[in-house]
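Data block below; observations after.
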Amino acid sequence: MKIAIALGTRPEIIKMSPVIRALEKRQENYFVLHTGQHYSYNLDRVFFEQLKLPQPKYNLEVGSGSHAQQTGKILIGVENALQDESPDIVLVEGDTNSVFASALAAAKVHIKVGHVEAGLRSYDRQMPEEINRILTDHCSDYLFAPTEKAKTILLGEGIPEEKIFVTGNTIVDAVYQNLGIAGERENTLGALGLYPKEYFLVTLHRPENVDNKPRFASILEGLDKVAAEFHLPLIYSVHPRSRQRMNRFHLEPKNVRLIEPIDFLGFLQLESNARLILTDSGGVQEEACILSVPCVTLRDNTERPETLEVGSNILAGALPDKILSHTGFMLNRENKWNNPFGDGNAAERIVKIIMEDN
Ligand code: UD1
Ligand code: UDP
């Protein structure tokens, strides 16, 4: 049994790390195929080093480009690698161009595909990730749904029940495996001059928010208002896409402190000690929920409705006054909820399922 782990971006590296650890522990025959979609040190290599992951056997170095360029290059590169290696299964995680292109390349050469984090839907087809999710699910042989809700969505789309496995989300595994180490090893708060529960943490990188100047400006105005109203520093880890757009649109938030993207242990420390998190990231919505930190999502929809149901998250959209009022609401809400994303053993379950079935 030979397993290929295909990945290409920051969240895939983080969410696949527990699967890689589980394969290492069992001494299974696997290799990592990196598409190279993310390549900057702080979006890529830092996670391999910090999470002690093996170097990828392949790096396709596709880099940045349009959707078609990225998807096309990944399809060609993955097909070549799969022909050299002939694995029995390719595992992908999430909803990026790397995920969809790798899954499609594998399915076309009749190699089985396992989709970790299957069945998420925002029902917003303007999002590139929504197209990637749907298409990846529909060319997968194993659909590892994080929750019963995700399974119900897949069943509703006609996917046979025997292909669907509710495993929990591997982000819970990643948080549990690393939170203790983060507390011991990092002093990110000290380095930034921050005190526990006395700052807000922000991430914002979705094209629908940052590629649109009026919308990006409106969100930044909302963040400025939040910092001013609650007299707390607001720390924004700026994704390179957002940095570029901020420069291009000449946007300079007044009360927001911008920092470069940081490593996972440092970011976990920032998240777990934040008073509240404002974000448009999928992974960060989940982590806030797992870490019992209230979250305000700077979007009009989410493919993580479980967070809304348990009360850890609220959708604020992009209007400044709504961002302010929703932040106030979440600050006053009791932050006691159950984590709906599993018990931290998702990766072990996924590996067990594919090993027993092949
Ligand atoms: C991609 C995913 C998105 C995911 C995000 C995780 C798609 C369609 N989008 O978005 O779902 O949430 O990754 O962070 O797959 N850049 C760098 N260094 C890098 C990579 C990118 O500077 O290592 C810059 C480039 O200018 C590039 C821009 O960021 O043009 C966007 O990169 P891209 O890979 O196209 O999409 P992301 O916004 O990162
Ligand atoms: N993250 C990180 N450093 C940062 C910002 C985020 O390690 O400075 C991690 C975060 O903990 C989460 C993941 O990156 O696990 C989320 O990735 P991103 O927001 O880029 O993608 P998405 O989840 O929206 O697809």
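Labeling convention for the structure tokens: chains A, B, ... as they appear, residues from 1 per chain, ligands from 1 in order of appearance.
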Check every protein, DNA and RNA residue against ligand 1, keep those with an atom at most 8 Å away (counting only C-alpha atoms and all ligand atoms), and present them as a ChimeraX atom specification.
/A:9-11,36-44,63-67,70,95-99,128-129,132,205-207,239-242,244,281-282
I need the chosen residues saved as a tab-separated table (two decimals), in the first residue's frame, with N, CA, C and O atoms.
chain	number	residue	atom	x	y	z
A	9	THR	N	-0.64	24.50	0.11
A	9	THR	CA	-0.78	25.81	0.77
A	9	THR	C	-0.70	25.67	2.29
A	9	THR	O	-0.82	24.55	2.82
A	10	ARG	N	-0.58	26.81	2.94
A	10	ARG	CA	-0.46	26.84	4.42
A	10	ARG	C	-1.50	25.97	5.13
A	10	ARG	O	-1.11	25.11	5.94
A	11	PRO	N	-2.81	26.19	4.88
A	11	PRO	CA	-3.76	25.39	5.68
A	11	PRO	C	-3.67	23.89	5.39
A	11	PRO	O	-3.92	23.07	6.29
A	36	GLY	N	3.70	23.47	-4.66
A	36	GLY	CA	4.42	24.75	-4.73
A	36	GLY	C	3.49	25.94	-4.90
A	36	GLY	O	3.95	27.04	-5.22
A	37	GLN	N	2.18	25.75	-4.68
A	37	GLN	CA	1.26	26.92	-4.77
A	37	GLN	C	1.70	27.99	-3.77
A	37	GLN	O	1.74	29.17	-4.10
A	38	HIS	N	1.97	27.60	-2.53
A	38	HIS	CA	2.60	28.51	-1.57
A	38	HIS	C	4.09	28.18	-1.52
A	38	HIS	O	4.47	27.01	-1.51
A	39	TYR	N	4.92	29.22	-1.48
A	39	TYR	CA	6.37	29.05	-1.60
A	39	TYR	C	7.14	30.01	-0.69
A	39	TYR	O	8.29	29.80	-0.40
A	40	SER	N	6.50	31.12	-0.24
A	40	SER	CA	7.21	32.03	0.67
A	40	SER	C	7.53	31.27	1.96
A	40	SER	O	6.71	30.45	2.41
A	41	TYR	N	8.68	31.57	2.56
A	41	TYR	CA	9.10	30.82	3.75
A	41	TYR	C	7.99	30.78	4.80
A	41	TYR	O	7.66	29.72	5.33
A	42	ASN	N	7.36	31.96	5.07
A	42	ASN	CA	6.39	31.99	6.18
A	42	ASN	C	5.00	31.48	5.82
A	42	ASN	O	4.12	31.46	6.67
A	43	LEU	N	4.81	31.02	4.59
A	43	LEU	CA	3.55	30.34	4.23
A	43	LEU	C	3.79	28.86	3.96
A	43	LEU	O	2.86	28.10	3.68
A	44	ASP	N	5.06	28.44	4.01
A	44	ASP	CA	5.37	27.09	3.53
A	44	ASP	C	6.40	26.40	4.43
A	44	ASP	O	6.06	25.65	5.34
A	63	GLY	N	3.89	27.85	-8.21
A	63	GLY	CA	3.87	29.26	-7.84
A	63	GLY	C	2.51	29.91	-8.04
A	63	GLY	O	1.48	29.25	-8.08
A	64	SER	N	2.54	31.25	-8.17
A	64	SER	CA	1.30	32.02	-8.29
A	64	SER	C	0.90	32.16	-9.75
A	64	SER	O	1.74	32.03	-10.64
A	65	GLY	N	-0.36	32.47	-9.99
A	65	GLY	CA	-0.85	32.66	-11.36
A	65	GLY	C	-2.36	32.68	-11.36
A	65	GLY	O	-2.98	32.62	-10.29
A	66	SER	N	-2.95	32.74	-12.54
A	66	SER	CA	-4.41	32.71	-12.62
A	66	SER	C	-4.90	31.32	-12.21
A	66	SER	O	-4.11	30.38	-12.10
A	67	HIS	N	-6.20	31.20	-12.03
A	67	HIS	CA	-6.75	29.88	-11.65
A	67	HIS	C	-6.38	28.83	-12.69
A	67	HIS	O	-5.96	27.72	-12.37
A	70	GLN	N	-2.59	27.96	-12.59
A	70	GLN	CA	-2.23	27.16	-11.42
A	70	GLN	C	-2.79	25.74	-11.55
A	70	GLN	O	-2.08	24.75	-11.39
A	95	ASP	N	-9.77	22.79	0.10
A	95	ASP	CA	-10.53	23.35	-1.02
A	95	ASP	C	-9.74	24.29	-1.93
A	95	ASP	O	-10.31	25.16	-2.58
A	96	THR	N	-8.43	24.15	-1.95
A	96	THR	CA	-7.63	25.07	-2.78
A	96	THR	C	-7.49	24.53	-4.21
A	96	THR	O	-7.88	23.40	-4.51
A	97	ASN	N	-6.87	25.34	-5.07
A	97	ASN	CA	-6.59	24.86	-6.43
A	97	ASN	C	-5.70	23.62	-6.39
A	97	ASN	O	-5.85	22.71	-7.22
A	98	SER	N	-4.77	23.57	-5.44
A	98	SER	CA	-3.90	22.38	-5.32
A	98	SER	C	-4.71	21.13	-5.04
A	98	SER	O	-4.42	20.05	-5.58
A	99	VAL	N	-5.73	21.28	-4.21
A	99	VAL	CA	-6.55	20.13	-3.81
A	99	VAL	C	-7.35	19.61	-5.02
A	99	VAL	O	-7.30	18.42	-5.36
A	128	PRO	N	-13.81	30.76	-5.28
A	128	PRO	CA	-13.11	29.68	-5.99
A	128	PRO	C	-13.10	28.39	-5.17
A	128	PRO	O	-13.17	27.28	-5.72
A	129	GLU	N	-13.06	28.54	-3.84
A	129	GLU	CA	-12.99	27.35	-2.98
A	129	GLU	C	-14.25	26.51	-3.08
A	129	GLU	O	-14.19	25.29	-2.92
A	132	ASN	N	-13.96	24.32	-6.03
A	132	ASN	CA	-12.96	23.29	-5.74
A	132	ASN	C	-13.52	22.20	-4.81
A	132	ASN	O	-13.27	21.01	-5.01
A	205	HIS	N	-8.02	37.51	4.11
A	205	HIS	CA	-7.28	37.28	2.86
A	205	HIS	C	-8.13	36.82	1.69
A	205	HIS	O	-7.62	36.61	0.58
A	206	ARG	N	-9.44	36.62	1.88
A	206	ARG	CA	-10.26	36.08	0.78
A	206	ARG	C	-10.35	37.08	-0.36
A	206	ARG	O	-10.57	38.27	-0.11
A	207	PRO	N	-10.24	36.60	-1.60
A	207	PRO	CA	-10.34	37.52	-2.75
A	207	PRO	C	-11.61	38.37	-2.70
A	207	PRO	O	-11.57	39.55	-3.03
A	239	HIS	N	-1.73	38.28	5.15
A	239	HIS	CA	-1.42	37.35	4.06
A	239	HIS	C	-0.83	38.14	2.88
A	239	HIS	O	-1.24	39.29	2.66
A	240	PRO	N	0.10	37.57	2.12
A	240	PRO	CA	0.73	38.35	1.04
A	240	PRO	C	-0.26	38.88	-0.01
A	240	PRO	O	-0.05	39.96	-0.57
A	241	ARG	N	-1.36	38.15	-0.26
A	241	ARG	CA	-2.37	38.67	-1.19
A	241	ARG	C	-2.91	40.01	-0.66
A	241	ARG	O	-3.04	40.98	-1.41
A	242	SER	N	-3.20	40.04	0.64
A	242	SER	CA	-3.80	41.24	1.24
A	242	SER	C	-2.78	42.38	1.28
A	242	SER	O	-3.12	43.54	1.05
A	244	GLN	N	-0.38	42.92	-0.81
A	244	GLN	CA	-0.30	43.47	-2.18
A	244	GLN	C	-1.47	44.40	-2.47
A	244	GLN	O	-1.30	45.48	-3.04
A	281	SER	N	-10.98	33.60	7.42
A	281	SER	CA	-10.32	32.31	7.17
A	281	SER	C	-11.20	31.16	7.63
A	281	SER	O	-11.86	31.25	8.68
A	282	GLY	N	-11.18	30.07	6.86
A	282	GLY	CA	-11.92	28.88	7.28
A	282	GLY	C	-11.29	28.25	8.50
A	282	GLY	O	-11.96	28.01	9.52
So which residues are near ligand 2, meaning at most 6 Å away with only C-alpha atoms and all ligand atoms counted, given back as number ranges by chain?
A: 10-11, 14, 237, 261-264, 267-268, 281-284
Produce a file of the selected residues containing C-alpha atoms, as a PDB file, in the first residue's frame.
ATOM      1  CA  ARG A  10      -0.460  26.842   4.419  1.00  0.00           C
ATOM      2  CA  PRO A  11      -3.756  25.390   5.681  1.00  0.00           C
ATOM      3  CA  ILE A  14      -1.165  22.370   8.905  1.00  0.00           C
ATOM      4  CA  SER A 237      -1.428  38.854  10.440  1.00  0.00           C
ATOM      5  CA  PRO A 261       2.336  35.870   8.784  1.00  0.00           C
ATOM      6  CA  ILE A 262       3.868  33.845  11.593  1.00  0.00           C
ATOM      7  CA  ASP A 263       4.547  30.177  12.353  1.00  0.00           C
ATOM      8  CA  PHE A 264       1.792  27.864  13.634  1.00  0.00           C
ATOM      9  CA  PHE A 267      -0.172  31.867  15.860  1.00  0.00           C
ATOM     10  CA  LEU A 268      -1.830  29.307  18.155  1.00  0.00           C
ATOM     11  CA  SER A 281     -10.321  32.309   7.170  1.00  0.00           C
ATOM     12  CA  GLY A 282     -11.920  28.881   7.279  1.00  0.00           C
ATOM     13  CA  GLY A 283      -9.273  27.348   9.511  1.00  0.00           C
ATOM     14  CA  VAL A 284      -9.228  30.293  11.903  1.00  0.00           C
TER      15      VAL A 284
END
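Among the residues of stretch 109-249 of chain A, backbone DSSP assigns strand (DSSP E or B) to A:Lys112, A:Val113, A:Gly114, A:His115, A:Val116, A:Tyr142, A:Leu143, A:Phe144, A:Ala145, A:Ile164, A:Phe165, A:Val166, A:Phe200, A:Leu201, A:Val202, A:Thr203, A:Leu234, A:Ile235, A:Tyr236, A:Ser237.
One distance worth recording is that between atom CA of A:Glu85 and atom CA of A:Gly8, which is 18.5 Å.
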For A:Lys73, please output as a short mmCIF file (atom, residue, chain, number, x, y, z; two decimals) with C-alpha atoms, in the first residue's frame all residues within 9 Å (counting only C-alpha atoms; exclusion window: fewer than 3 positions along the same chain).
data_model
loop_
_atom_site.label_atom_id
_atom_site.label_comp_id
_atom_site.auth_asym_id
_atom_site.auth_seq_id
_atom_site.Cartn_x
_atom_site.Cartn_y
_atom_site.Cartn_z
CA THR A 35 2.48 21.60 -5.66
CA LEU A 60 6.15 21.08 -8.59
CA VAL A 62 3.82 25.96 -9.76
CA ALA A 68 -6.29 28.18 -15.02
CA GLN A 69 -2.51 28.54 -14.94
CA GLN A 70 -2.23 27.16 -11.42
CA ILE A 76 0.33 18.13 -15.49
CA GLY A 77 2.87 17.92 -12.66
CA VAL A 78 0.77 15.65 -10.47
CA ALA A 101 -6.16 19.73 -9.44
#
Determine the nearest neighbour of A:Asp357 from the options A:Ala316, A:Val46, A:Leu278, A:Lys163, counting only C-alpha atoms.
A:Lys163
Can you pull out every residue within 7 Å of A:Gly311, counting only C-alpha atoms, but drop anything in the same chain fewer than 3 positions away, and send it as a list in words?
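Residues meeting the cut-off are Thr307, Leu308 and Trp337 of chain A.
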Secondary structure check, alpha helix (DSSP H) residues of stretch 58-205 of chain A, as number ranges by chain
A: 67-85, 97-108, 128-138, 148-156, 170-185, 188-192
Counting only C-alpha atoms, the residue of A:Leu189, A:Leu265, A:Ala150, A:Ala105 that sits nearest A:Val166:
A:Ala150
Pick out the closest residue to A:Asp224 from this set: A:Lys197, A:Arg257, A:Arg245, A:Arg133. Count only C-alpha atoms.
A:Arg257
Do you know which residues are at most 10 Å from A:Ile13 counting only C-alpha atoms, after dropping those on the same chain fewer than 3 positions away, and could you put them as a ChimeraX atom specification?
/A:5-10,16-18,20,34,43-45,47-48,51,53,93
Output C-alpha atoms of each residue in that selection to a file, as a compact mmCIF listing (two decimals), in the first residue's frame.
# COMPACT_ATOMS: atom_id res chain seq x y z
CA ILE A 5 -0.10 13.14 0.29
CA ALA A 6 -0.71 16.03 -2.11
CA LEU A 7 -0.66 19.55 -0.66
CA GLY A 8 0.26 23.06 -1.66
CA THR A 9 -0.78 25.81 0.77
CA ARG A 10 -0.46 26.84 4.42
CA MET A 16 -2.35 17.29 6.88
CA SER A 17 0.35 17.31 9.58
CA PRO A 18 -1.62 14.97 11.90
CA ILE A 20 1.51 12.56 8.19
CA HIS A 34 3.99 19.58 -2.83
CA LEU A 43 3.55 30.34 4.23
CA ASP A 44 5.37 27.09 3.53
CA ARG A 45 8.73 25.90 4.84
CA PHE A 47 5.52 24.73 8.91
CA PHE A 48 7.60 21.78 7.67
CA LEU A 51 5.93 20.61 12.75
CA LEU A 53 7.37 17.08 8.67
CA GLU A 93 -7.20 18.18 2.30
Leaving out stretch 299-303 of chain A and any residue of its chain fewer than 3 positions from it, which residues lie within 9 Å of it when counting only C-alpha atoms, given as a PDB file with C-alpha atoms, in the first residue's frame?
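Resulting contents of part.pdb:
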ATOM      1  CA  LEU A 120     -18.273  21.688   3.328  1.00  0.00           C
ATOM      2  CA  ARG A 121     -20.482  24.123   1.411  1.00  0.00           C
ATOM      3  CA  SER A 122     -20.879  27.913   1.556  1.00  0.00           C
ATOM      4  CA  TYR A 123     -23.427  27.799  -1.291  1.00  0.00           C
ATOM      5  CA  ASP A 124     -21.566  30.759  -2.792  1.00  0.00           C
ATOM      6  CA  GLU A 130     -16.662  26.394  -3.378  1.00  0.00           C
ATOM      7  CA  GLU A 208     -13.993  38.557  -2.308  1.00  0.00           C
ATOM      8  CA  ASN A 209     -12.864  40.806   0.580  1.00  0.00           C
ATOM      9  CA  THR A 279     -11.396  36.673  10.371  1.00  0.00           C
ATOM     10  CA  ASP A 280     -12.476  35.458   6.947  1.00  0.00           C
ATOM     11  CA  GLY A 282     -11.920  28.881   7.279  1.00  0.00           C
ATOM     12  CA  VAL A 296     -16.561  37.469  14.261  1.00  0.00           C
ATOM     13  CA  GLU A 306     -21.449  24.368  13.078  1.00  0.00           C
ATOM     14  CA  LEU A 308     -22.734  29.543  14.241  1.00  0.00           C
ATOM     15  CA  LEU A 315     -21.341  36.540  10.450  1.00  0.00           C
ATOM     16  CA  ALA A 316     -20.693  40.283  10.295  1.00  0.00           C
ATOM     17  CA  GLY A 317     -20.173  40.876   6.571  1.00  0.00           C
ATOM     18  CA  ALA A 318     -18.209  43.979   5.570  1.00  0.00           C
TER      19      ALA A 318
END
In Å, how far is it from atom CA of A:Thr203 to atom CA of A:Val238?
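Between atom CA of A:Thr203 and atom CA of A:Val238 the gap is 6.6 Å.
Taking atom CA of A:Val256 and atom CA of A:Leu204 as the two end points, the separation is 12.4 Å.
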Using only C-alpha atoms for the distances, tell me which of A:Ser292, A:Thr167, A:Asn212, A:Gln83 is nearest to A:Lys352.
A:Thr167
From the set A:Gly342, A:Pro87, A:Gly94, A:Gly72, which residue has the shortest atom-to-atom contact distance to A:Cys289, counting only C-alpha atoms?
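For A:Cys289, the nearest of the given residues is A:Gly342.
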